[in-house]
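Listing of final16.txt, compact mmCIF, C-alpha atoms and all ligand atoms
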```txt
# COMPACT_ATOMS: atom_id res chain seq x y z
CA MET Q 23 84.05 153.06 138.31
CA ASN Q 24 83.35 153.26 134.60
CA VAL Q 25 83.81 156.61 132.88
CA ARG Q 26 81.98 157.73 129.79
CA LEU Q 27 82.78 160.71 127.60
CA ASP Q 28 79.79 161.69 125.53
CA ASN Q 29 80.50 164.12 122.65
CA VAL Q 30 82.92 166.16 124.73
CA ARG Q 31 84.15 169.35 123.10
CA LYS Q 32 86.61 171.86 124.55
CA VAL Q 33 87.28 175.27 123.05
CA PHE Q 34 89.94 177.59 124.50
CA ASP Q 35 89.25 181.14 123.32
CA ARG Q 36 88.59 180.23 119.73
CA PHE Q 37 90.88 177.21 119.53
CA SER Q 38 89.20 173.79 119.55
CA ALA Q 39 91.38 171.49 121.67
CA LEU Q 40 88.85 168.61 121.56
CA HIS Q 41 86.21 167.92 118.92
CA ASP Q 42 83.28 165.71 119.94
CA VAL Q 43 85.21 163.04 121.76
CA SER Q 44 83.21 159.98 122.83
CA LEU Q 45 84.83 157.15 124.76
CA ASP Q 46 83.68 154.44 127.17
CA ILE Q 47 86.18 153.34 129.79
CA SER Q 48 85.25 150.20 131.73
CA ALA Q 49 85.70 149.81 135.46
CA GLY Q 50 89.13 148.35 136.23
CA GLU Q 51 90.49 149.02 132.77
CA LEU Q 52 93.91 150.51 132.07
CA ILE Q 53 93.54 152.61 128.94
CA ALA Q 54 96.36 154.56 127.31
CA LEU Q 55 95.74 157.89 125.58
CA LEU Q 56 98.37 158.06 122.92
CA GLY Q 57 99.10 160.84 120.48
CA PRO Q 58 101.57 163.51 119.45
CA SER Q 59 102.14 166.59 121.53
CA GLY Q 60 99.19 168.97 121.30
CA SER Q 61 96.65 166.28 120.37
CA GLY Q 62 94.50 167.00 123.44
CA LYS Q 63 95.53 164.26 125.88
CA THR Q 64 96.15 166.50 128.90
CA THR Q 65 93.01 168.50 128.16
CA LEU Q 66 90.99 165.28 128.23
CA LEU Q 67 92.47 164.29 131.61
CA ARG Q 68 91.86 167.73 133.07
CA LEU Q 69 88.21 167.54 131.98
CA ILE Q 70 87.80 164.15 133.64
CA ALA Q 71 89.45 165.45 136.81
CA GLY Q 72 87.17 168.50 136.86
CA LEU Q 73 90.06 170.96 136.49
CA GLU Q 74 88.40 172.18 133.27
CA ARG Q 75 84.77 172.21 132.15
CA PRO Q 76 83.70 170.91 128.74
CA THR Q 77 82.41 173.52 126.29
CA SER Q 78 79.74 170.95 125.43
CA GLY Q 79 79.08 167.26 125.98
CA ARG Q 80 78.95 165.18 129.13
CA ILE Q 81 81.29 163.20 131.33
CA LEU Q 82 79.67 160.38 133.29
CA PHE Q 83 81.08 158.54 136.30
CA GLY Q 84 79.00 155.40 136.34
CA GLU Q 85 75.46 156.67 135.74
CA GLU Q 86 76.13 160.05 137.29
CA ASP Q 87 76.89 163.27 135.43
CA ALA Q 88 80.27 164.35 136.80
CA SER Q 89 79.63 168.04 136.11
CA ALA Q 90 77.59 168.14 139.31
CA ARG Q 91 80.72 167.18 141.27
CA SER Q 92 83.61 169.37 142.40
CA VAL Q 93 87.22 168.34 141.94
CA GLN Q 94 87.32 167.07 145.57
CA GLU Q 95 84.08 165.15 145.26
CA ARG Q 96 85.26 163.38 142.13
CA ASN Q 97 87.90 161.69 144.28
CA ILE Q 98 90.47 161.26 141.56
CA GLY Q 99 94.10 160.25 141.87
CA PHE Q 100 96.37 162.33 139.64
CA VAL Q 101 100.06 161.86 138.81
CA PHE Q 102 101.77 164.34 136.49
CA GLN Q 103 105.10 164.23 134.73
CA HIS Q 104 106.52 166.80 137.15
CA TYR Q 105 104.17 166.43 140.05
CA ALA Q 106 106.46 167.84 142.69
CA LEU Q 107 106.10 166.10 146.03
CA PHE Q 108 105.88 168.32 149.10
CA ARG Q 109 109.56 169.01 149.67
CA HIS Q 110 109.32 169.76 153.37
CA MET Q 111 107.41 166.56 154.13
CA THR Q 112 108.82 163.06 154.52
CA ILE Q 113 107.78 160.33 152.15
CA LEU Q 114 105.36 158.95 154.73
CA GLU Q 115 103.82 162.41 155.26
CA ASN Q 116 103.51 162.89 151.50
CA VAL Q 117 101.63 159.61 151.10
CA SER Q 118 99.41 160.31 154.14
CA PHE Q 119 98.56 163.86 153.07
CA GLY Q 120 95.35 163.21 151.11
CA LEU Q 121 93.83 161.33 154.05
CA LYS Q 122 95.00 163.78 156.72
CA VAL Q 123 93.33 166.75 155.04
CA ARG Q 124 89.95 165.07 154.77
CA PRO Q 125 87.07 166.56 156.73
CA ARG Q 126 86.89 165.03 160.20
CA ALA Q 127 83.75 163.02 159.45
CA ILE Q 128 85.47 160.94 156.73
CA ARG Q 129 89.05 161.08 158.02
CA PRO Q 130 90.45 157.77 159.26
CA ALA Q 131 92.12 157.68 162.70
CA ALA Q 132 95.83 158.61 162.77
CA GLY Q 133 96.93 155.01 163.32
CA GLU Q 134 94.81 153.83 160.40
CA ILE Q 135 96.26 156.54 158.11
CA ARG Q 136 99.76 155.44 159.02
CA ARG Q 137 98.92 151.79 158.46
CA ARG Q 138 97.48 152.51 155.00
CA ALA Q 139 100.41 154.73 154.00
CA MET Q 140 102.92 152.05 155.05
CA GLU Q 141 100.95 149.45 153.11
CA LEU Q 142 101.11 151.64 149.99
CA LEU Q 143 104.83 152.23 150.42
CA ASP Q 144 105.19 148.47 150.48
CA LEU Q 145 103.12 148.25 147.26
CA VAL Q 146 105.42 150.74 145.49
CA GLN Q 147 108.47 148.99 146.96
CA LEU Q 148 109.75 151.86 149.06
CA THR Q 149 109.53 150.31 152.52
CA GLY Q 150 112.37 151.61 154.65
CA LEU Q 151 112.49 155.01 152.94
CA GLU Q 152 109.46 156.48 154.72
CA SER Q 153 111.43 159.03 156.80
CA ARG Q 154 113.40 160.39 153.85
CA PHE Q 155 112.64 163.64 152.11
CA PRO Q 156 111.89 163.79 148.36
CA LYS Q 157 115.28 165.24 147.44
CA GLN Q 158 116.89 162.12 148.92
CA LEU Q 159 115.19 159.91 146.31
CA SER Q 160 115.88 159.19 142.63
CA GLY Q 161 113.44 160.39 139.95
CA GLY Q 162 111.94 156.93 139.59
CA GLN Q 163 111.46 156.59 143.35
CA ARG Q 164 109.77 159.99 143.49
CA GLN Q 165 107.26 159.00 140.84
CA ARG Q 166 106.52 155.84 142.82
CA VAL Q 167 105.83 158.02 145.87
CA ALA Q 168 103.58 160.21 143.70
CA LEU Q 169 101.65 157.11 142.69
CA ALA Q 170 101.35 155.91 146.29
CA ARG Q 171 100.07 159.35 147.25
CA ALA Q 172 97.48 159.25 144.45
CA LEU Q 173 96.35 155.76 145.51
CA ALA Q 174 96.06 156.69 149.22
CA ILE Q 175 92.70 158.41 148.79
CA GLU Q 176 91.28 155.24 147.20
CA PRO Q 177 90.46 157.11 144.01
CA ARG Q 178 87.51 156.22 141.85
CA VAL Q 179 89.69 156.89 138.84
CA LEU Q 180 93.45 157.18 138.52
CA LEU Q 181 94.81 159.66 135.96
CA LEU Q 182 98.47 159.47 134.97
CA ASP Q 183 99.80 162.20 132.67
CA GLU Q 184 103.12 161.07 131.20
CA PRO Q 185 104.24 160.00 134.68
CA PHE Q 186 107.52 158.56 133.41
CA GLY Q 187 108.18 161.22 130.79
CA ALA Q 188 111.09 162.82 132.61
CA LEU Q 189 112.91 159.55 133.43
CA ASP Q 190 115.59 157.78 131.42
CA ALA Q 191 114.76 154.86 129.16
CA GLN Q 192 115.91 152.05 131.45
CA VAL Q 193 113.98 153.38 134.47
CA ARG Q 194 110.92 153.96 132.31
CA ARG Q 195 110.92 150.33 131.21
CA GLU Q 196 111.19 149.08 134.78
CA LEU Q 197 108.43 151.38 136.02
CA ARG Q 198 106.22 150.32 133.14
CA LYS Q 199 106.34 146.65 134.20
CA TRP Q 200 105.92 147.64 137.80
CA LEU Q 201 102.88 149.86 137.07
CA ARG Q 202 101.22 146.99 135.24
CA GLU Q 203 101.75 144.77 138.31
CA VAL Q 204 100.41 147.44 140.67
CA HIS Q 205 97.38 147.79 138.40
CA GLU Q 206 96.77 144.07 138.48
CA ARG Q 207 96.82 144.09 142.28
CA THR Q 208 94.74 147.23 142.87
CA GLY Q 209 92.40 147.17 139.85
CA HIS Q 210 91.74 150.93 139.68
CA THR Q 211 90.21 152.33 136.53
CA THR Q 212 93.29 154.02 135.09
CA ILE Q 213 93.81 156.47 132.25
CA PHE Q 214 97.44 156.68 131.28
CA VAL Q 215 98.69 159.40 128.93
CA THR Q 216 101.84 158.90 126.92
CA HIS Q 217 103.32 159.94 123.59
CA ASP Q 218 105.46 156.77 123.65
CA GLN Q 219 103.81 154.06 121.57
CA GLU Q 220 106.02 151.30 122.94
CA GLU Q 221 104.96 152.19 126.48
CA ALA Q 222 101.28 152.22 125.49
CA LEU Q 223 101.47 148.89 123.63
CA GLU Q 224 103.13 147.17 126.57
CA LEU Q 225 101.02 148.61 129.38
CA ALA Q 226 97.49 149.13 128.28
CA ASP Q 227 94.40 146.96 127.96
CA ARG Q 228 93.24 149.35 125.24
CA LEU Q 229 94.74 152.24 123.35
CA CYS Q 230 92.99 155.42 122.35
CA VAL Q 231 95.00 157.10 119.60
CA MET Q 232 94.46 160.84 119.38
CA ARG Q 233 95.33 163.40 116.76
CA GLN Q 234 94.46 167.10 116.64
CA GLY Q 235 91.74 166.86 119.26
CA ARG Q 236 90.04 163.82 117.75
CA ILE Q 237 90.10 160.10 118.44
CA GLU Q 238 91.60 158.27 115.46
CA GLN Q 239 91.18 154.73 116.77
CA VAL Q 240 90.33 152.83 119.95
CA GLY Q 241 91.21 149.18 120.38
CA THR Q 242 93.37 146.60 122.05
CA PRO Q 243 97.10 146.88 121.36
CA ASP Q 244 96.78 143.95 118.93
CA GLU Q 245 93.88 145.50 117.03
CA VAL Q 246 95.55 148.87 116.70
CA TYR Q 247 98.90 147.40 115.68
CA GLU Q 248 97.51 144.76 113.30
CA ARG Q 249 94.63 146.77 111.83
CA PRO Q 250 95.41 150.49 111.94
CA ALA Q 251 92.30 152.44 110.97
CA SER Q 252 94.08 155.27 109.17
CA PRO Q 253 97.41 156.16 107.58
CA PHE Q 254 98.13 158.31 110.65
CA VAL Q 255 97.71 155.37 113.04
CA PHE Q 256 99.75 153.08 110.79
CA GLY Q 257 102.58 155.60 110.79
CA PHE Q 258 102.31 156.41 114.48
CA ILE Q 259 102.13 152.91 115.99
CA GLY Q 260 105.04 150.66 115.20
CA GLU Q 261 107.44 151.05 112.30
CA SER Q 262 106.16 151.28 108.77
CA ASN Q 263 106.97 151.97 105.14
CA GLN Q 264 104.71 154.04 102.97
CA LEU Q 265 104.51 153.99 99.16
CA SER Q 266 102.27 155.96 96.81
CA VAL Q 267 100.79 153.40 94.41
CA THR Q 268 98.06 153.05 91.81
CA VAL Q 269 95.48 150.30 91.66
CA CYS Q 270 94.64 149.26 88.12
CA ASN Q 271 92.23 146.39 87.45
CA GLY Q 272 92.75 145.18 91.02
CA SER Q 273 96.50 145.00 90.65
CA VAL Q 274 98.77 147.29 92.71
CA LEU Q 275 101.36 149.23 90.71
CA LEU Q 276 104.33 151.35 91.76
CA GLY Q 277 104.88 153.57 88.73
CA ASP Q 278 104.34 151.05 85.92
CA GLN Q 279 105.80 148.16 87.92
CA THR Q 280 103.38 145.54 89.22
CA LEU Q 281 104.03 144.52 92.81
CA GLY Q 282 102.38 141.11 92.74
CA ILE Q 283 99.70 142.08 95.23
CA GLU Q 284 96.00 142.42 94.54
CA ALA Q 285 93.45 144.94 95.83
CA PRO Q 286 90.25 144.09 93.94
CA GLU Q 287 88.08 146.43 96.02
CA LEU Q 288 90.03 149.60 95.12
CA SER Q 289 90.87 151.59 92.04
CA GLY Q 290 93.02 154.68 91.44
CA PRO Q 291 95.66 156.22 93.70
CA GLY Q 292 96.41 154.67 97.08
CA LEU Q 293 98.89 154.61 99.94
CA LEU Q 294 100.42 151.23 100.62
CA TYR Q 295 101.69 150.65 104.17
CA PHE Q 296 103.69 147.68 105.40
CA ARG Q 297 105.93 146.96 108.36
CA PRO Q 298 109.64 146.20 107.85
CA HIS Q 299 109.27 142.61 109.10
CA ASP Q 300 106.16 141.85 107.02
CA ILE Q 301 107.95 141.08 103.76
CA ASP Q 302 109.07 138.01 101.80
CA VAL Q 303 112.26 137.92 99.77
CA VAL Q 304 111.42 136.83 96.20
CA GLU Q 305 113.51 135.88 93.20
CA GLU Q 306 111.17 136.79 90.30
CA GLU Q 307 111.93 140.49 90.34
CA ALA Q 308 109.53 141.27 87.49
CA THR Q 309 106.58 141.13 89.91
CA ALA Q 310 108.14 142.51 93.05
CA LEU Q 311 109.80 145.51 94.58
CA GLY Q 312 113.52 145.65 94.01
CA GLY Q 313 115.92 147.71 96.04
CA ALA Q 314 119.64 148.34 96.37
CA VAL Q 315 120.96 147.81 99.88
CA VAL Q 316 122.21 151.15 101.17
CA ILE Q 317 122.26 150.47 104.92
CA SER Q 318 122.65 147.24 106.85
CA ARG Q 319 122.62 147.14 110.62
CA ARG Q 320 121.82 144.77 113.40
CA MET Q 321 118.72 145.44 115.49
CA GLY Q 322 118.54 142.98 118.35
CA GLY Q 323 117.83 139.57 116.79
CA THR Q 324 117.26 140.76 113.22
CA ARG Q 325 119.05 142.56 110.43
CA ARG Q 326 117.56 145.86 109.28
CA LEU Q 327 118.24 146.73 105.66
CA GLY Q 328 117.69 150.17 104.21
CA LEU Q 329 116.82 149.77 100.53
CA GLU Q 330 116.66 152.31 97.75
CA LEU Q 331 113.92 151.17 95.39
CA ILE Q 332 115.12 150.70 91.85
CA GLN Q 333 111.79 151.87 90.37
CA THR Q 334 111.44 155.18 92.24
CA ARG Q 335 114.60 155.65 94.36
CA GLN Q 336 112.39 155.86 97.45
CA ARG Q 337 113.83 154.50 100.68
CA VAL Q 338 112.21 151.62 102.55
CA GLU Q 339 113.34 149.44 105.44
CA VAL Q 340 113.01 145.68 105.63
CA ASP Q 341 113.96 143.22 108.38
CA LEU Q 342 115.47 139.81 107.75
CA PRO Q 343 116.59 137.13 110.20
CA LEU Q 344 120.29 137.34 111.02
CA GLY Q 345 122.18 135.08 108.65
CA HIS Q 346 119.45 135.08 105.97
CA PRO Q 347 121.29 134.50 102.64
CA ALA Q 348 119.74 137.65 101.12
CA THR Q 349 121.53 139.83 103.68
CA GLU Q 350 124.72 139.21 101.66
CA ARG Q 351 123.27 140.62 98.44
CA SER Q 352 123.55 144.15 97.14
CA VAL Q 353 120.11 144.08 95.49
CA ILE Q 354 117.04 142.45 96.98
CA GLY Q 355 113.64 141.66 95.49
CA PHE Q 356 110.80 141.53 97.99
CA ARG Q 357 107.06 141.62 98.33
CA PRO Q 358 104.98 142.86 101.26
CA ARG Q 359 103.42 139.83 102.96
CA ARG Q 360 100.99 141.81 105.12
CA TRP Q 361 100.00 145.29 104.08
CA THR Q 362 97.21 147.85 104.20
CA LEU Q 363 96.15 149.98 101.29
CA PHE Q 364 94.38 153.26 102.03
CA PRO Q 365 92.61 154.99 99.13
CA GLY Q 366 93.86 158.38 97.99
CA GLY Q 367 97.24 159.89 97.23
P1 LIG T 401 98.77 167.09 124.77
O1 LIG T 401 98.63 166.81 126.23
O2 LIG T 401 98.23 166.00 123.89
O3 LIG T 401 100.15 167.48 124.38
P2 LIG T 401 97.09 169.38 125.37
O4 LIG T 401 95.80 168.80 125.80
O5 LIG T 401 97.98 169.91 126.43
O6 LIG T 401 97.84 168.36 124.42
O7 LIG T 401 96.78 170.58 124.38
C1 LIG T 401 95.95 170.45 123.25
C2 LIG T 401 95.86 171.80 122.56
O8 LIG T 401 95.12 172.70 123.35
C3 LIG T 401 97.21 172.42 122.31
O9 LIG T 401 97.20 173.05 121.06
C4 LIG T 401 97.31 173.46 123.42
O10 LIG T 401 98.11 174.55 123.04
C5 LIG T 401 95.87 173.87 123.63
N1 LIG T 401 95.62 174.28 125.01
C6 LIG T 401 95.70 173.49 126.10
N2 LIG T 401 95.38 174.15 127.22
C7 LIG T 401 95.10 175.42 126.84
C8 LIG T 401 94.66 176.63 127.52
N3 LIG T 401 94.48 176.63 128.84
N4 LIG T 401 94.47 177.73 126.78
C9 LIG T 401 94.62 177.71 125.44
N5 LIG T 401 94.99 176.63 124.73
C10 LIG T 401 95.23 175.50 125.41
MG MG T 402 100.09 166.73 127.73
```
Would you mind giving the structure from this file in structure tokens?
Amino acid sequence: MNVRLDNVRKVFDRFSALHDVSLDISAGELIALLGPSGSGKTTLLRLIAGLERPTSGRILFGEEDASARSVQERNIGFVFQHYALFRHMTILENVSFGLKVRPRAIRPAAGEIRRRAMELLDLVQLTGLESRFPKQLSGGQRQRVALARALAIEPRVLLLDEPFGALDAQVRRELRKWLREVHERTGHTTIFVTHDQEEALELADRLCVMRQGRIEQVGTPDEVYERPASPFVFGFIGESNQLSVTVCNGSVLLGDQTLGIEAPELSGPGLLYFRPHDIDVVEEEATALGGAVVISRRMGGTRRLGLELIQTRQRVEVDLPLGHPATERSVIGFRPRRWTLFPGG
């Protein structure tokens, strides 16, 4: 089922939580809504689910205006960060619940409900635990039950609101891989909310980056990482350095120091962004950034150097391969190899 948001606005009292949000989500897609706390991610999910009504704008399921549909009729699977399972029900009963409470006319027979629930427990790799109660499971196992329960009703759309937010880092990483596999097997249109950019980059077909109730950028993980549309996105996705520069006759200057990079299309103040690994070490320090090494630490397979720029005393971080000869030096000249320059100070 494809989902379309058409100029959706949501105002609570007088506070605008969403400003004219438009987004097309294709059938079978896994899209991540990513943004800082308070950017409107949960509000957007609740509007899609029908738990809130838009102040203006439309939400379409396929060709149909969803506002005509109740929460039940929308047939949506929802998993929250703290979606408590029913404590007094076994795992099997929890997963079967959504089918058991259906009106008689559309309720499958008891044997069929059981068969489907067992199949889903197999999908979320919890076979054998069906007679346990929620408190007898780990946090990660409980969220897998919550997902099986959401999938049991064969939802038209699956909404996941920071489902792994309360779990520790190792479990989160495992569940992330596992969710991607489940998605590949079931193919539900899925909207996944997270404030964790690493999780979004790894999981999603597309990212929708939100800030203060607006969409900043929508694109594949590669597009958003390689070509951030705004300083906010550059700073939010992946690691980055930011320098206030001036463009003069197409040449980029930090103070009165030329950096050896050209921006012929701009003039005046700008913000130069580059990632720590997108730099080249250079010898001719007259046309480069120079920095004194103040921190040196290993990060997985690379060495991360914290530099204090000689020109401005600003701090930047650069990554070099382990064993690179420059990692022995106390002062390093470098030049951004890939960078983005945004106009303005
Ligand atoms: P996120 O999920 O991205 O952290 P939310 O969608 O929960 O953000 O909230 C977006 C903004 O809307 C926040 O400033 C929040 O305080 C506000 N908000 C959310 N729900 C309500 C509500 N029911 N009443 C008033 N303000 C709300
Ligand atoms: Mg939220």
Which residues are close to Leu344 (chain Q), i.e. within 7 Å by only C-alpha atoms, leaving aside same-chain residues fewer than 4 positions away? Reply as a JSON list (two decimals) with C-alpha atoms, in the coordinates of the input.
```json
[["chain", "number", "residue", "atom", "x", "y", "z"],
["Q", 323, "GLY", "CA", 117.83, 139.57, 116.79],
["Q", 324, "THR", "CA", 117.26, 140.76, 113.22],
["Q", 325, "ARG", "CA", 119.05, 142.56, 110.43]]
```
Distance table requested - chain Q against ligand LIG 401 (chain T), cut-off 10 Å, only C-alpha atoms and all ligand atoms: one row per qualifying residue with the closest atom pair and its distance in Å to one decimal, ordered by chain and rising residue number, as JSON lines.
```
{"residue": "Q:Lys32", "atom": "CA", "partner": "T:LIG401", "partner_atom": "O8", "distance": 8.6}
{"residue": "Q:Val33", "atom": "CA", "partner": "T:LIG401", "partner_atom": "N5", "distance": 8.0}
{"residue": "Q:Phe34", "atom": "CA", "partner": "T:LIG401", "partner_atom": "C9", "distance": 4.8}
{"residue": "Q:Asp35", "atom": "CA", "partner": "T:LIG401", "partner_atom": "C9", "distance": 6.7}
{"residue": "Q:Arg36", "atom": "CA", "partner": "T:LIG401", "partner_atom": "C9", "distance": 8.7}
{"residue": "Q:Phe37", "atom": "CA", "partner": "T:LIG401", "partner_atom": "N5", "distance": 6.7}
{"residue": "Q:Ser38", "atom": "CA", "partner": "T:LIG401", "partner_atom": "O8", "distance": 7.1}
{"residue": "Q:Ala39", "atom": "CA", "partner": "T:LIG401", "partner_atom": "O8", "distance": 4.3}
{"residue": "Q:Leu40", "atom": "CA", "partner": "T:LIG401", "partner_atom": "C1", "distance": 7.5}
{"residue": "Q:Leu55", "atom": "CA", "partner": "T:LIG401", "partner_atom": "O2", "distance": 8.7}
{"residue": "Q:Leu56", "atom": "CA", "partner": "T:LIG401", "partner_atom": "O2", "distance": 8.0}
{"residue": "Q:Gly57", "atom": "CA", "partner": "T:LIG401", "partner_atom": "O2", "distance": 6.2}
{"residue": "Q:Pro58", "atom": "CA", "partner": "T:LIG401", "partner_atom": "O2", "distance": 6.1}
{"residue": "Q:Ser59", "atom": "CA", "partner": "T:LIG401", "partner_atom": "O3", "distance": 3.6}
{"residue": "Q:Gly60", "atom": "CA", "partner": "T:LIG401", "partner_atom": "O6", "distance": 3.5}
{"residue": "Q:Ser61", "atom": "CA", "partner": "T:LIG401", "partner_atom": "O2", "distance": 3.9}
{"residue": "Q:Gly62", "atom": "CA", "partner": "T:LIG401", "partner_atom": "O4", "distance": 3.2}
{"residue": "Q:Lys63", "atom": "CA", "partner": "T:LIG401", "partner_atom": "O2", "distance": 3.8}
{"residue": "Q:Thr64", "atom": "CA", "partner": "T:LIG401", "partner_atom": "O1", "distance": 3.7}
{"residue": "Q:Thr65", "atom": "CA", "partner": "T:LIG401", "partner_atom": "O4", "distance": 3.7}
{"residue": "Q:Leu66", "atom": "CA", "partner": "T:LIG401", "partner_atom": "O4", "distance": 6.4}
{"residue": "Q:Leu67", "atom": "CA", "partner": "T:LIG401", "partner_atom": "O4", "distance": 8.1}
{"residue": "Q:Arg68", "atom": "CA", "partner": "T:LIG401", "partner_atom": "O4", "distance": 8.3}
{"residue": "Q:Leu69", "atom": "CA", "partner": "T:LIG401", "partner_atom": "O4", "distance": 9.9}
{"residue": "Q:Glu74", "atom": "CA", "partner": "T:LIG401", "partner_atom": "N3", "distance": 8.7}
{"residue": "Q:Asp183", "atom": "CA", "partner": "T:LIG401", "partner_atom": "O1", "distance": 8.0}
{"residue": "Q:Glu184", "atom": "CA", "partner": "T:LIG401", "partner_atom": "O1", "distance": 8.8}
{"residue": "Q:Val215", "atom": "CA", "partner": "T:LIG401", "partner_atom": "O1", "distance": 7.9}
{"residue": "Q:Thr216", "atom": "CA", "partner": "T:LIG401", "partner_atom": "O2", "distance": 8.5}
{"residue": "Q:His217", "atom": "CA", "partner": "T:LIG401", "partner_atom": "O2", "distance": 7.9}
{"residue": "Q:Met232", "atom": "CA", "partner": "T:LIG401", "partner_atom": "O2", "distance": 7.8}
{"residue": "Q:Arg233", "atom": "CA", "partner": "T:LIG401", "partner_atom": "O2", "distance": 8.1}
{"residue": "Q:Gln234", "atom": "CA", "partner": "T:LIG401", "partner_atom": "C1", "distance": 7.6}
{"residue": "Q:Gly235", "atom": "CA", "partner": "T:LIG401", "partner_atom": "C1", "distance": 6.8}
```
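When all atoms listed in the file are used to compute distances to Asn116 (chain Q), the closest of the residues Q:Glu85, Q:Gln163, Q:Leu363, Q:Ala168 turns out to be Q:Ala168.
Proximity to ligand MG 402 (chain T) was assessed for Q:Val123, Q:Leu27, Q:Leu182, Q:Ala88 counting all atoms listed in the file; the smallest distance is recorded for Q:Leu182.
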Protein, DNA and RNA residues within 12 Å of (104.8, 145.4, 136.2), all atoms listed in the file, as a count of residues only: 21
Close residues, Asp341 (chain Q) itself excluded, 9 Å, only C-alpha atoms, min 2 positions apart in chain, as a VMD selection string: chain Q and resid 297 to 301 321 324 to 328 339 343
Selected residue of minimal separation from ligand MG 402 (chain T) among Q:Pro185, Q:Gly99, Q:Pro358, Q:Gly120, counting only C-alpha atoms and all ligand atoms: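 Ranking Q:Pro185, Q:Gly99, Q:Pro358, Q:Gly120 by distance to ligand MG 402 (chain T), first place goes to Q:Pro185.
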Length of the CA of Ile53 (chain Q) to CA of Thr211 (chain Q) vector [Å]: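 According to the coordinates, CA of Ile53 (chain Q) and CA of Thr211 (chain Q) are separated by 8.3 Å.
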Which residue of Q:Phe102, Q:Ser252, Q:Asn24, Q:Phe258 approaches Asp218 (chain Q) most closely, using all atoms listed in the file: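 The answer is Q:Phe258, which sits nearest to Asp218 (chain Q).
For the choices Q:Leu294, Q:Ile81, Q:Leu180, Q:Leu52, the atom-to-atom distance to Pro365 (chain Q) is smallest for Q:Leu294 when using only C-alpha atoms.
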Residue among Q:Gly84, Q:Gly187, Q:Pro291, Q:Gly322 lying closest to ligand MG 402 (chain T), counting all atoms listed in the file: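 Residue with the minimum atom-to-atom distance to ligand MG 402 (chain T): Q:Gly187.
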Computed interatomic separation between CA of Gln165 (chain Q) and CA of Arg96 (chain Q) (Å):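 A separation of 22.5 Å between them.
In this structure, CA of Thr268 (chain Q) sits 14.8 Å away from CA of Thr309 (chain Q).
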Output file request: region 44-53 of chain Q, with N, CA, C and O atoms, as a PDB file, in the first residue's frame.
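Ended up saving to part.pdb:
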```
ATOM      1  N   SER Q  44       4.889  17.098   2.946  1.00  0.00           N
ATOM      2  CA  SER Q  44       4.460  16.276   1.810  1.00  0.00           C
ATOM      3  C   SER Q  44       5.491  15.182   1.587  1.00  0.00           C
ATOM      4  O   SER Q  44       6.695  15.457   1.569  1.00  0.00           O
ATOM      5  N   LEU Q  45       4.997  13.958   1.439  1.00  0.00           N
ATOM      6  CA  LEU Q  45       5.910  12.823   1.306  1.00  0.00           C
ATOM      7  C   LEU Q  45       5.174  11.675   0.628  1.00  0.00           C
ATOM      8  O   LEU Q  45       4.022  11.392   0.966  1.00  0.00           O
ATOM      9  N   ASP Q  46       5.842  11.041  -0.332  1.00  0.00           N
ATOM     10  CA  ASP Q  46       5.282   9.865  -1.007  1.00  0.00           C
ATOM     11  C   ASP Q  46       6.047   8.640  -0.567  1.00  0.00           C
ATOM     12  O   ASP Q  46       7.258   8.585  -0.720  1.00  0.00           O
ATOM     13  N   ILE Q  47       5.343   7.665  -0.028  1.00  0.00           N
ATOM     14  CA  ILE Q  47       5.986   6.426   0.410  1.00  0.00           C
ATOM     15  C   ILE Q  47       5.462   5.308  -0.484  1.00  0.00           C
ATOM     16  O   ILE Q  47       4.249   5.106  -0.595  1.00  0.00           O
ATOM     17  N   SER Q  48       6.395   4.606  -1.148  1.00  0.00           N
ATOM     18  CA  SER Q  48       5.971   3.579  -2.110  1.00  0.00           C
ATOM     19  C   SER Q  48       5.614   2.291  -1.398  1.00  0.00           C
ATOM     20  O   SER Q  48       6.141   1.995  -0.322  1.00  0.00           O
ATOM     21  N   ALA Q  49       4.751   1.510  -2.036  1.00  0.00           N
ATOM     22  CA  ALA Q  49       4.380   0.206  -1.493  1.00  0.00           C
ATOM     23  C   ALA Q  49       5.636  -0.648  -1.329  1.00  0.00           C
ATOM     24  O   ALA Q  49       6.495  -0.696  -2.212  1.00  0.00           O
ATOM     25  N   GLY Q  50       5.777  -1.274  -0.181  1.00  0.00           N
ATOM     26  CA  GLY Q  50       6.898  -2.186   0.056  1.00  0.00           C
ATOM     27  C   GLY Q  50       8.173  -1.505   0.510  1.00  0.00           C
ATOM     28  O   GLY Q  50       9.165  -2.166   0.814  1.00  0.00           O
ATOM     29  N   GLU Q  51       8.136  -0.190   0.595  1.00  0.00           N
ATOM     30  CA  GLU Q  51       9.344   0.550   0.964  1.00  0.00           C
ATOM     31  C   GLU Q  51       9.542   0.555   2.483  1.00  0.00           C
ATOM     32  O   GLU Q  51       8.581   0.555   3.237  1.00  0.00           O
ATOM     33  N   LEU Q  52      10.797   0.577   2.901  1.00  0.00           N
ATOM     34  CA  LEU Q  52      11.114   0.820   4.310  1.00  0.00           C
ATOM     35  C   LEU Q  52      11.751   2.203   4.386  1.00  0.00           C
ATOM     36  O   LEU Q  52      12.863   2.406   3.911  1.00  0.00           O
ATOM     37  N   ILE Q  53      10.999   3.146   4.930  1.00  0.00           N
ATOM     38  CA  ILE Q  53      11.509   4.520   5.010  1.00  0.00           C
ATOM     39  C   ILE Q  53      11.762   4.860   6.471  1.00  0.00           C
ATOM     40  O   ILE Q  53      10.985   4.484   7.340  1.00  0.00           O
TER      41      ILE Q  53
END
```
